[in-house]
file model.cif (mmCIF, C-alpha atoms)
data_work
loop_
_atom_site.group_PDB
_atom_site.id
_atom_site.type_symbol
_atom_site.label_atom_id
_atom_site.label_comp_id
_atom_site.auth_asym_id
_atom_site.auth_seq_id
_atom_site.Cartn_x
_atom_site.Cartn_y
_atom_site.Cartn_z
ATOM 1 C CA MET A 1 99.280 123.093 144.120
ATOM 2 C CA LEU A 2 102.598 124.224 142.667
ATOM 3 C CA LYS A 3 105.429 121.753 143.235
ATOM 4 C CA ALA A 4 107.836 122.471 140.366
ATOM 5 C CA VAL A 5 108.834 125.177 137.906
ATOM 6 C CA ILE A 6 110.388 124.043 134.641
ATOM 7 C CA PHE A 7 112.451 126.513 132.654
ATOM 8 C CA ASP A 8 113.187 126.647 128.966
ATOM 9 C CA MET A 9 116.835 127.597 128.430
ATOM 10 C CA ASP A 10 117.354 129.624 125.257
ATOM 11 C CA GLY A 11 115.663 132.996 125.575
ATOM 12 C CA VAL A 12 114.526 132.358 129.168
ATOM 13 C CA LEU A 13 117.655 131.680 131.199
ATOM 14 C CA ILE A 14 119.980 133.421 128.753
ATOM 15 C CA ASP A 15 119.569 135.467 125.582
ATOM 16 C CA SER A 16 121.225 132.712 123.580
ATOM 17 C CA GLU A 17 119.121 132.717 120.411
ATOM 18 C CA PRO A 18 121.553 135.207 118.803
ATOM 19 C CA ILE A 19 124.452 132.905 119.756
ATOM 20 C CA HIS A 20 122.778 129.883 118.162
ATOM 21 C CA PHE A 21 121.756 131.765 115.046
ATOM 22 C CA ASN A 22 125.188 133.350 114.605
ATOM 23 C CA ALA A 23 126.646 129.842 114.746
ATOM 24 C CA VAL A 24 124.240 128.696 112.011
ATOM 25 C CA VAL A 25 125.158 131.723 109.894
ATOM 26 C CA GLN A 26 128.862 130.924 110.316
ATOM 27 C CA VAL A 27 128.300 127.354 109.138
ATOM 28 C CA LEU A 28 126.244 128.485 106.157
ATOM 29 C CA ASN A 29 128.804 131.127 105.190
ATOM 30 C CA LYS A 30 131.546 128.516 105.441
ATOM 31 C CA HIS A 31 129.666 126.508 102.825
ATOM 32 C CA GLY A 32 129.059 129.498 100.551
ATOM 33 C CA ILE A 33 125.451 130.203 101.567
ATOM 34 C CA TYR A 34 124.271 133.636 102.670
ATOM 35 C CA ILE A 35 120.827 134.280 104.147
ATOM 36 C CA GLU A 36 118.608 137.267 104.847
ATOM 37 C CA GLU A 37 118.596 138.687 108.373
ATOM 38 C CA ASN A 38 115.198 137.284 109.402
ATOM 39 C CA TYR A 39 115.495 133.895 107.682
ATOM 40 C CA LEU A 40 116.096 131.951 110.911
ATOM 41 C CA ASN A 41 113.357 133.554 113.027
ATOM 42 C CA ARG A 42 110.860 130.777 112.254
ATOM 43 C CA PHE A 43 113.138 128.256 113.981
ATOM 44 C CA ILE A 44 113.038 129.901 117.439
ATOM 45 C CA GLY A 45 112.290 127.131 119.937
ATOM 46 C CA ASP A 46 112.883 124.378 117.367
ATOM 47 C CA THR A 47 115.577 121.692 117.384
ATOM 48 C CA ASN A 48 118.777 121.842 115.378
ATOM 49 C CA GLU A 49 117.669 118.675 113.579
ATOM 50 C CA ASN A 50 114.489 120.271 112.259
ATOM 51 C CA LEU A 51 116.297 123.488 111.386
ATOM 52 C CA TRP A 52 118.943 121.756 109.310
ATOM 53 C CA LYS A 53 116.482 119.456 107.551
ATOM 54 C CA VAL A 54 114.674 122.522 106.244
ATOM 55 C CA VAL A 55 117.829 124.492 105.443
ATOM 56 C CA ILE A 56 119.427 121.557 103.597
ATOM 57 C CA SER A 57 116.279 121.124 101.533
ATOM 58 C CA GLU A 58 115.854 124.803 100.699
ATOM 59 C CA PHE A 59 119.484 125.349 99.719
ATOM 60 C CA ASN A 60 120.122 121.907 98.224
ATOM 61 C CA MET A 61 123.069 121.297 100.542
ATOM 62 C CA LYS A 62 125.014 118.087 100.087
ATOM 63 C CA ASN A 63 125.950 116.908 103.597
ATOM 64 C CA THR A 64 123.833 115.341 106.346
ATOM 65 C CA PRO A 65 122.128 117.317 109.146
ATOM 66 C CA GLU A 66 124.526 115.649 111.593
ATOM 67 C CA LYS A 67 127.523 117.138 109.783
ATOM 68 C CA TYR A 68 126.196 120.690 109.938
ATOM 69 C CA ILE A 69 124.891 120.291 113.499
ATOM 70 C CA SER A 70 128.350 119.213 114.632
ATOM 71 C CA GLU A 71 129.868 122.346 113.098
ATOM 72 C CA GLN A 72 127.137 124.536 114.589
ATOM 73 C CA ILE A 73 127.510 123.099 118.095
ATOM 74 C CA GLU A 74 131.283 123.554 118.012
ATOM 75 C CA SER A 75 130.811 127.215 117.049
ATOM 76 C CA THR A 76 128.063 127.742 119.663
ATOM 77 C CA ILE A 77 130.043 126.313 122.566
ATOM 78 C CA ASP A 78 133.200 128.157 121.521
ATOM 79 C CA CYS A 79 131.263 131.441 121.461
ATOM 80 C CA MET A 80 129.676 130.764 124.851
ATOM 81 C CA MET A 81 132.881 129.671 126.554
ATOM 82 C CA ASN A 82 134.852 132.652 125.288
ATOM 83 C CA GLY A 83 132.162 135.290 125.691
ATOM 84 C CA ASN A 84 131.025 137.332 128.665
ATOM 85 C CA TYR A 85 127.470 136.083 129.143
ATOM 86 C CA SER A 86 125.118 136.100 132.113
ATOM 87 C CA THR A 87 121.583 135.061 132.918
ATOM 88 C CA ILE A 88 118.703 137.303 131.904
ATOM 89 C CA GLU A 89 117.962 139.887 134.585
ATOM 90 C CA GLY A 90 115.767 138.383 137.295
ATOM 91 C CA VAL A 91 116.543 134.739 136.546
ATOM 92 C CA THR A 92 119.074 134.067 139.304
ATOM 93 C CA GLU A 93 116.868 135.778 141.882
ATOM 94 C CA LEU A 94 113.881 133.660 140.799
ATOM 95 C CA LEU A 95 115.902 130.447 140.934
ATOM 96 C CA GLU A 96 117.079 131.339 144.433
ATOM 97 C CA GLU A 97 113.549 132.170 145.618
ATOM 98 C CA LEU A 98 112.217 128.855 144.302
ATOM 99 C CA LYS A 99 115.071 126.927 145.917
ATOM 100 C CA LEU A 100 114.600 128.626 149.289
ATOM 101 C CA ASN A 101 110.912 127.716 149.227
ATOM 102 C CA ASP A 102 111.530 124.069 148.329
ATOM 103 C CA ILE A 103 110.022 124.353 144.844
ATOM 104 C CA ILE A 104 111.557 121.752 142.535
ATOM 105 C CA ILE A 105 113.316 123.264 139.527
ATOM 106 C CA GLY A 106 113.600 121.545 136.145
ATOM 107 C CA LEU A 107 114.909 122.434 132.709
ATOM 108 C CA ALA A 108 113.435 121.425 129.342
ATOM 109 C CA SER A 109 115.383 122.656 126.327
ATOM 110 C CA SER A 110 115.399 121.811 122.635
ATOM 111 C CA SER A 111 119.184 122.289 122.609
ATOM 112 C CA PRO A 112 121.550 119.271 122.504
ATOM 113 C CA PRO A 113 122.687 117.857 125.874
ATOM 114 C CA HIS A 114 126.296 119.075 125.734
ATOM 115 C CA VAL A 115 125.133 122.595 124.807
ATOM 116 C CA ILE A 116 122.801 122.625 127.824
ATOM 117 C CA GLU A 117 125.631 121.448 130.075
ATOM 118 C CA ALA A 118 128.028 124.064 128.700
ATOM 119 C CA PHE A 119 125.536 126.905 129.115
ATOM 120 C CA ILE A 120 124.318 126.176 132.650
ATOM 121 C CA ASP A 121 127.863 125.464 133.841
ATOM 122 C CA LYS A 122 129.111 128.720 132.318
ATOM 123 C CA LEU A 123 126.268 130.597 134.017
ATOM 124 C CA ASN A 124 126.946 128.882 137.384
ATOM 125 C CA ILE A 125 123.322 127.770 137.740
ATOM 126 C CA SER A 126 123.566 124.008 137.197
ATOM 127 C CA GLY A 127 123.106 123.329 140.916
ATOM 128 C CA TYR A 128 119.570 124.702 140.917
ATOM 129 C CA PHE A 129 118.138 122.023 138.629
ATOM 130 C CA SER A 130 116.888 118.713 140.003
ATOM 131 C CA LYS A 131 116.539 117.315 136.470
ATOM 132 C CA TRP A 132 117.004 118.578 132.951
ATOM 133 C CA ILE A 133 116.146 117.186 129.540
ATOM 134 C CA SER A 134 117.140 117.853 125.940
ATOM 135 C CA GLY A 135 114.831 117.707 122.953
ATOM 136 C CA ASN A 136 117.232 115.094 121.573
ATOM 137 C CA GLU A 137 115.988 112.663 124.231
ATOM 138 C CA VAL A 138 112.370 112.482 123.068
ATOM 139 C CA ILE A 139 110.754 111.251 119.869
ATOM 140 C CA SER A 140 109.729 114.773 118.881
ATOM 141 C CA SER A 141 110.667 118.001 120.623
ATOM 142 C CA LYS A 142 108.675 121.205 121.005
ATOM 143 C CA PRO A 143 105.908 121.991 119.997
ATOM 144 C CA ALA A 144 105.050 118.318 120.714
ATOM 145 C CA PRO A 145 104.270 117.690 124.415
ATOM 146 C CA TYR A 146 106.748 114.836 124.909
ATOM 147 C CA ILE A 147 109.637 116.838 126.389
ATOM 148 C CA TYR A 148 107.389 118.197 129.153
ATOM 149 C CA GLN A 149 105.723 114.850 129.720
ATOM 150 C CA GLU A 150 109.158 113.286 130.157
ATOM 151 C CA ILE A 151 110.610 115.910 132.512
ATOM 152 C CA VAL A 152 107.482 115.738 134.699
ATOM 153 C CA THR A 153 107.891 111.950 134.832
ATOM 154 C CA ARG A 154 111.569 112.267 135.761
ATOM 155 C CA LEU A 155 110.615 114.648 138.560
ATOM 156 C CA ASP A 156 108.009 112.109 139.748
ATOM 157 C CA LEU A 157 105.268 114.735 139.592
ATOM 158 C CA LEU A 158 101.951 115.358 137.837
ATOM 159 C CA PRO A 159 101.580 118.021 135.101
ATOM 160 C CA GLU A 160 98.911 119.840 137.082
ATOM 161 C CA ASN A 161 101.469 120.565 139.805
ATOM 162 C CA CYS A 162 104.011 122.100 137.427
ATOM 163 C CA ALA A 163 104.528 125.454 135.732
ATOM 164 C CA ALA A 164 106.704 126.134 132.700
ATOM 165 C CA ILE A 165 108.407 129.355 131.643
ATOM 166 C CA GLU A 166 108.756 129.711 127.867
ATOM 167 C CA ASP A 167 109.525 132.440 125.341
ATOM 168 C CA SER A 168 108.393 130.822 122.059
ATOM 169 C CA VAL A 169 105.159 129.645 120.498
ATOM 170 C CA PHE A 170 106.710 126.165 120.181
ATOM 171 C CA GLY A 171 107.535 126.082 123.885
ATOM 172 C CA VAL A 172 104.188 127.407 125.082
ATOM 173 C CA THR A 173 102.354 124.934 122.844
ATOM 174 C CA SER A 174 104.465 122.062 124.190
ATOM 175 C CA ALA A 175 103.920 122.959 127.844
ATOM 176 C CA LYS A 176 100.178 123.576 127.525
ATOM 177 C CA SER A 177 99.657 120.411 125.470
ATOM 178 C CA ALA A 178 101.351 118.458 128.256
ATOM 179 C CA GLY A 179 98.932 119.893 130.837
ATOM 180 C CA LEU A 180 101.227 122.403 132.591
ATOM 181 C CA LYS A 181 100.530 125.987 133.525
ATOM 182 C CA CYS A 182 102.721 128.227 131.397
ATOM 183 C CA ILE A 183 104.228 131.662 131.799
ATOM 184 C CA GLY A 184 105.169 133.309 128.524
ATOM 185 C CA TYR A 185 108.197 135.609 128.599
ATOM 186 C CA SER A 186 108.046 138.095 125.730
ATOM 187 C CA ASN A 187 111.760 138.212 125.012
ATOM 188 C CA PRO A 188 112.679 141.210 122.824
ATOM 189 C CA ASN A 189 114.854 138.844 120.758
ATOM 190 C CA GLY A 190 111.844 136.535 120.229
ATOM 191 C CA HIS A 191 110.658 138.409 117.138
ATOM 192 C CA TYR A 192 107.041 138.716 118.257
ATOM 193 C CA GLN A 193 106.338 135.123 119.185
ATOM 194 C CA ASN A 194 102.655 134.275 119.663
ATOM 195 C CA LEU A 195 102.437 133.521 123.379
ATOM 196 C CA SER A 196 98.646 133.823 123.593
ATOM 197 C CA ARG A 197 98.162 130.259 124.888
ATOM 198 C CA ALA A 198 100.223 131.046 127.988
ATOM 199 C CA ASP A 199 98.389 131.498 131.292
ATOM 200 C CA TRP A 200 100.336 134.661 132.003
ATOM 201 C CA ILE A 201 102.596 136.782 129.779
ATOM 202 C CA VAL A 202 105.387 138.985 131.134
ATOM 203 C CA ASN A 203 107.733 141.456 129.457
ATOM 204 C CA GLN A 204 110.482 141.112 132.053
ATOM 205 C CA MET A 205 111.741 138.063 133.927
ATOM 206 C CA THR A 206 111.931 140.302 137.007
ATOM 207 C CA GLU A 207 108.098 140.310 137.042
ATOM 208 C CA ILE A 208 107.977 136.614 137.916
ATOM 209 C CA LYS A 209 107.841 135.893 141.643
ATOM 210 C CA LEU A 210 106.879 132.686 143.443
ATOM 211 C CA GLN A 211 103.642 134.244 144.711
ATOM 212 C CA ASN A 212 102.615 135.122 141.142
ATOM 213 C CA ILE A 213 103.274 131.596 139.926
ATOM 214 C CA GLN A 214 101.329 130.074 142.814
ATOM 215 C CA SER A 215 98.347 132.296 141.977
ATOM 216 C CA LEU A 216 97.964 130.398 138.677
ATOM 217 C CA PHE A 217 96.997 127.218 140.571
#

call {"tool": "encode", "arguments": {"input": "model.cif", "output": "structure tokens"}}
result
Amino acid sequence: MLKAVIFDMDGVLIDSEPIHFNAVVQVLNKHGIYIEENYLNRFIGDTNENLWKVVISEFNMKNTPEKYISEQIESTIDCMMNGNYSTIEGVTELLEELKLNDIIIGLASSSPPHVIEAFIDKLNISGYFSKWISGNEVISSKPAPYIYQEIVTRLDLLPENCAAIEDSVFGVTSAKSAGLKCIGYSNPNGHYQNLSRADWIVNQMTEIKLQNIQSLF
């Protein structure tokens, strides 16, 4: 029986991957490093920590991941706060339908806590979420199952009563490994993520209705 739906944030609630990646590019350019257009695609759904560990190693950069993450987050939040962004089409309607039907709503994102807060506040959707969690709060974020195990625990539920909505192979792997049903959203900015482990794959968030989610259980 479905009791909760847990959303990923980047690429599910908002098309924010370009915002995050533009912030990384700005930081790299600031330090004299220029990358090819598709270089960052492999990090979709990953944490900033993992991204910068790889980038620092590959480009022999001299500062710590924390230094570059701080610069990236500042750029990301500045872009979000000063831009005209909205939820992906269909998201607000789905959140409202779940709320009206007493389905618990959670959020599990690899983004840092203050980025999550900034984004959901800017989008005026923070009130829909009973609990949310950042990948920074678990020992290893997606594709490991820990972030979903932890949010299910915080919601005082069992994995078999929860569904996740994800747009990346990392996210789908995390949710399925934790024992949740998973809907894969094939975001056009996802650069052909392998969502094959998902229980159901959609091309538009508008396709997802409560009745469809319940049919997975």

call {"tool": "closest_residue", "arguments": {"input": "model.cif", "among": "A:Ile88, A:Val25, A:Ile105, A:Ile116", "to": "Glu71 of chain A", "atoms": "all atoms listed in the file"}}
result
A:Val25

call {"tool": "closest_residue", "arguments": {"input": "model.cif", "among": "A:Asn60, A:Ser177, A:Ser130, A:Asn189", "to": "Glu17 of chain A", "atoms": "only C-alpha atoms"}}
result
A:Asn189

call {"tool": "atom_distance", "arguments": {"input": "model.cif", "atom1": "atom CA of His31 of chain A", "atom2": "atom CA of Tyr85 of chain A"}}
result
28.1 Å

call {"tool": "resolve_selection", "arguments": {"input": "model.cif", "expression": "the PyMOL selection byres ((chain A and resi 5) around 6)", "output": "list in words"}}
result
Ala4, Ile6, Ile105, Cys162, Ala163 and Ala164 of chain A

call {"tool": "resolve_selection", "arguments": {"input": "model.cif", "expression": "the PyMOL selection byres ((chain A and resi 134) around 12)", "output": "VMD selection string"}}
result
chain A and resid 7 to 10 46 to 48 106 to 117 131 to 133 135 to 142 146 to 148 150 to 151

call {"tool": "atom_distance", "arguments": {"input": "model.cif", "atom1": "atom CA of Glu207 of chain A", "atom2": "atom CA of Pro143 of chain A"}}
result
25.1 Å

call {"tool": "residues_near_point", "arguments": {"input": "model.cif", "point": "(114.0, 128.0, 139.0)", "cutoff": "8 Å", "atoms": "only C-alpha atoms", "output": "JSON, numbers by chain"}}
result
{"A": [5, 6, 7, 91, 92, 94, 95, 96, 97, 98, 99, 103, 104, 105, 106, 128, 129]}

call {"tool": "closest_atom_pairs", "arguments": {"input": "model.cif", "of": "segment 133-175 of chain A", "to": "segment 192-195 of chain A", "cutoff": "9 Å", "atoms": "all atoms listed in the file", "output": "CSV"}}
result
residue,atom,partner,partner_atom,distance
A:Glu166,CA,A:Leu195,CA,8.6
A:Asp167,CA,A:Gln193,CA,7.4
A:Ser168,CA,A:Gln193,CA,5.6
A:Val169,CA,A:Asn194,CA,5.3
A:Val172,CA,A:Leu195,CA,6.6
A:Thr173,CA,A:Leu195,CA,8.6

call {"tool": "closest_residue", "arguments": {"input": "model.cif", "among": "A:Leu28, A:His20, A:Glu89, A:Ile183", "to": "Asn63 of chain A", "atoms": "all atoms listed in the file"}}
result
A:Leu28

call {"tool": "resolve_selection", "arguments": {"input": "model.cif", "expression": "the PyMOL selection byres ((chain A and resi 181) around 9)", "output": "mmCIF file with C-alpha atoms, keeping the file's coordinate frame"}}
result
data_model
loop_
_atom_site.group_PDB
_atom_site.id
_atom_site.type_symbol
_atom_site.label_atom_id
_atom_site.label_comp_id
_atom_site.auth_asym_id
_atom_site.auth_seq_id
_atom_site.Cartn_x
_atom_site.Cartn_y
_atom_site.Cartn_z
ATOM 1 C CA PRO A 159 101.580 118.021 135.101
ATOM 2 C CA GLU A 160 98.911 119.840 137.082
ATOM 3 C CA ASN A 161 101.469 120.565 139.805
ATOM 4 C CA CYS A 162 104.011 122.100 137.427
ATOM 5 C CA ALA A 163 104.528 125.454 135.732
ATOM 6 C CA ALA A 164 106.704 126.134 132.700
ATOM 7 C CA ILE A 165 108.407 129.355 131.643
ATOM 8 C CA ALA A 175 103.920 122.959 127.844
ATOM 9 C CA LYS A 176 100.178 123.576 127.525
ATOM 10 C CA GLY A 179 98.932 119.893 130.837
ATOM 11 C CA LEU A 180 101.227 122.403 132.591
ATOM 12 C CA CYS A 182 102.721 128.227 131.397
ATOM 13 C CA ILE A 183 104.228 131.662 131.799
ATOM 14 C CA ALA A 198 100.223 131.046 127.988
ATOM 15 C CA ASP A 199 98.389 131.498 131.292
ATOM 16 C CA TRP A 200 100.336 134.661 132.003
ATOM 17 C CA ILE A 213 103.274 131.596 139.926
ATOM 18 C CA LEU A 216 97.964 130.398 138.677
ATOM 19 C CA PHE A 217 96.997 127.218 140.571
#

call {"tool": "closest_residue", "arguments": {"input": "model.cif", "among": "A:Asn41, A:Ser86, A:Gln204, A:Ser75", "to": "Val27 of chain A", "atoms": "all atoms listed in the file"}}
result
A:Ser75

call {"tool": "atom_distance", "arguments": {"input": "model.cif", "atom1": "atom CA of Gly127 of chain A", "atom2": "atom CA of Gly90 of chain A"}}
result
17.1 Å

call {"tool": "closest_residue", "arguments": {"input": "model.cif", "among": "A:Asn101, A:Arg197, A:Glu49, A:Leu155", "to": "Gln211 of chain A", "atoms": "all atoms listed in the file"}}
result
A:Asn101

call {"tool": "residues_near_point", "arguments": {"input": "model.cif", "point": "(122.2, 137.3, 121.3)", "cutoff": "12 Å", "atoms": "only C-alpha atoms", "output": "list in words"}}
result
Asp10, Gly11, Ile14, Asp15, Ser16, Glu17, Pro18, Ile19, His20, Phe21, Asn22, Ala23, Thr76, Cys79, Met80, Gly83, Asn84, Tyr85, Ser86, Thr87, Ile88, Asn187, Pro188, Asn189 and Gly190 of chain A

call {"tool": "write_last_selection", "arguments": {"input": "model.cif", "atoms": "C-alpha atoms", "output": "CSV table (one decimal), keeping the file's coordinate frame"}}
result
chain,number,residue,atom,x,y,z
A,10,ASP,CA,117.4,129.6,125.3
A,11,GLY,CA,115.7,133.0,125.6
A,14,ILE,CA,120.0,133.4,128.8
A,15,ASP,CA,119.6,135.5,125.6
A,16,SER,CA,121.2,132.7,123.6
A,17,GLU,CA,119.1,132.7,120.4
A,18,PRO,CA,121.6,135.2,118.8
A,19,ILE,CA,124.5,132.9,119.8
A,20,HIS,CA,122.8,129.9,118.2
A,21,PHE,CA,121.8,131.8,115.0
A,22,ASN,CA,125.2,133.4,114.6
A,23,ALA,CA,126.6,129.8,114.7
A,76,THR,CA,128.1,127.7,119.7
A,79,CYS,CA,131.3,131.4,121.5
A,80,MET,CA,129.7,130.8,124.9
A,83,GLY,CA,132.2,135.3,125.7
A,84,ASN,CA,131.0,137.3,128.7
A,85,TYR,CA,127.5,136.1,129.1
A,86,SER,CA,125.1,136.1,132.1
A,87,THR,CA,121.6,135.1,132.9
A,88,ILE,CA,118.7,137.3,131.9
A,187,ASN,CA,111.8,138.2,125.0
A,188,PRO,CA,112.7,141.2,122.8
A,189,ASN,CA,114.9,138.8,120.8
A,190,GLY,CA,111.8,136.5,120.2

call {"tool": "closest_residue", "arguments": {"input": "model.cif", "among": "A:Thr64, A:Asn29, A:Pro145, A:Asp156", "to": "Ala178 of chain A", "atoms": "only C-alpha atoms"}}
result
A:Pro145

call {"tool": "build_atoms", "arguments": {"input": "model.cif", "residues": "segment 141-162 of chain A", "atoms": "N, CA and C atoms", "output": "CSV table (one decimal), in the coordinates of the input"}}
result
chain,number,residue,atom,x,y,z
A,141,SER,N,110.5,116.9,119.7
A,141,SER,CA,110.7,118.0,120.6
A,141,SER,C,109.5,119.0,120.5
A,142,LYS,N,109.7,120.2,121.1
A,142,LYS,CA,108.7,121.2,121.0
A,142,LYS,C,108.4,121.5,119.5
A,143,PRO,N,107.1,121.7,119.2
A,143,PRO,CA,105.9,122.0,120.0
A,143,PRO,C,105.2,120.7,120.5
A,144,ALA,N,105.7,119.5,120.2
A,144,ALA,CA,105.0,118.3,120.7
A,144,ALA,C,105.2,118.3,122.2
A,145,PRO,N,104.3,117.6,122.9
A,145,PRO,CA,104.3,117.7,124.4
A,145,PRO,C,105.3,116.8,125.1
A,146,TYR,N,106.0,115.9,124.3
A,146,TYR,CA,106.7,114.8,124.9
A,146,TYR,C,107.8,115.3,125.9
A,147,ILE,N,108.5,116.4,125.5
A,147,ILE,CA,109.6,116.8,126.4
A,147,ILE,C,109.1,117.2,127.8
A,148,TYR,N,108.0,117.8,127.8
A,148,TYR,CA,107.4,118.2,129.2
A,148,TYR,C,106.8,117.0,129.9
A,149,GLN,N,106.2,116.1,129.1
A,149,GLN,CA,105.7,114.8,129.7
A,149,GLN,C,106.9,114.1,130.4
A,150,GLU,N,108.0,114.1,129.7
A,150,GLU,CA,109.2,113.3,130.2
A,150,GLU,C,109.8,114.0,131.4
A,151,ILE,N,110.0,115.3,131.4
A,151,ILE,CA,110.6,115.9,132.5
A,151,ILE,C,109.7,115.8,133.7
A,152,VAL,N,108.4,115.9,133.6
A,152,VAL,CA,107.5,115.7,134.7
A,152,VAL,C,107.6,114.3,135.3
A,153,THR,N,107.7,113.3,134.4
A,153,THR,CA,107.9,112.0,134.8
A,153,THR,C,109.2,111.8,135.6
A,154,ARG,N,110.3,112.4,135.1
A,154,ARG,CA,111.6,112.3,135.8
A,154,ARG,C,111.5,112.9,137.1
A,155,LEU,N,110.7,114.0,137.3
A,155,LEU,CA,110.6,114.6,138.6
A,155,LEU,C,109.6,113.9,139.5
A,156,ASP,N,109.0,112.9,139.0
A,156,ASP,CA,108.0,112.1,139.7
A,156,ASP,C,106.9,113.0,140.2
A,157,LEU,N,106.3,113.8,139.3
A,157,LEU,CA,105.3,114.7,139.6
A,157,LEU,C,104.1,114.6,138.6
A,158,LEU,N,103.1,115.3,138.8
A,158,LEU,CA,102.0,115.4,137.8
A,158,LEU,C,102.0,116.7,137.1
A,159,PRO,N,101.6,116.8,135.8
A,159,PRO,CA,101.6,118.0,135.1
A,159,PRO,C,100.8,119.1,135.8
A,160,GLU,N,99.7,118.8,136.5
A,160,GLU,CA,98.9,119.8,137.1
A,160,GLU,C,99.6,120.5,138.3
A,161,ASN,N,100.7,120.0,138.7
A,161,ASN,CA,101.5,120.6,139.8
A,161,ASN,C,102.7,121.3,139.3
A,162,CYS,N,102.8,121.5,138.0
A,162,CYS,CA,104.0,122.1,137.4
A,162,CYS,C,103.7,123.3,136.6
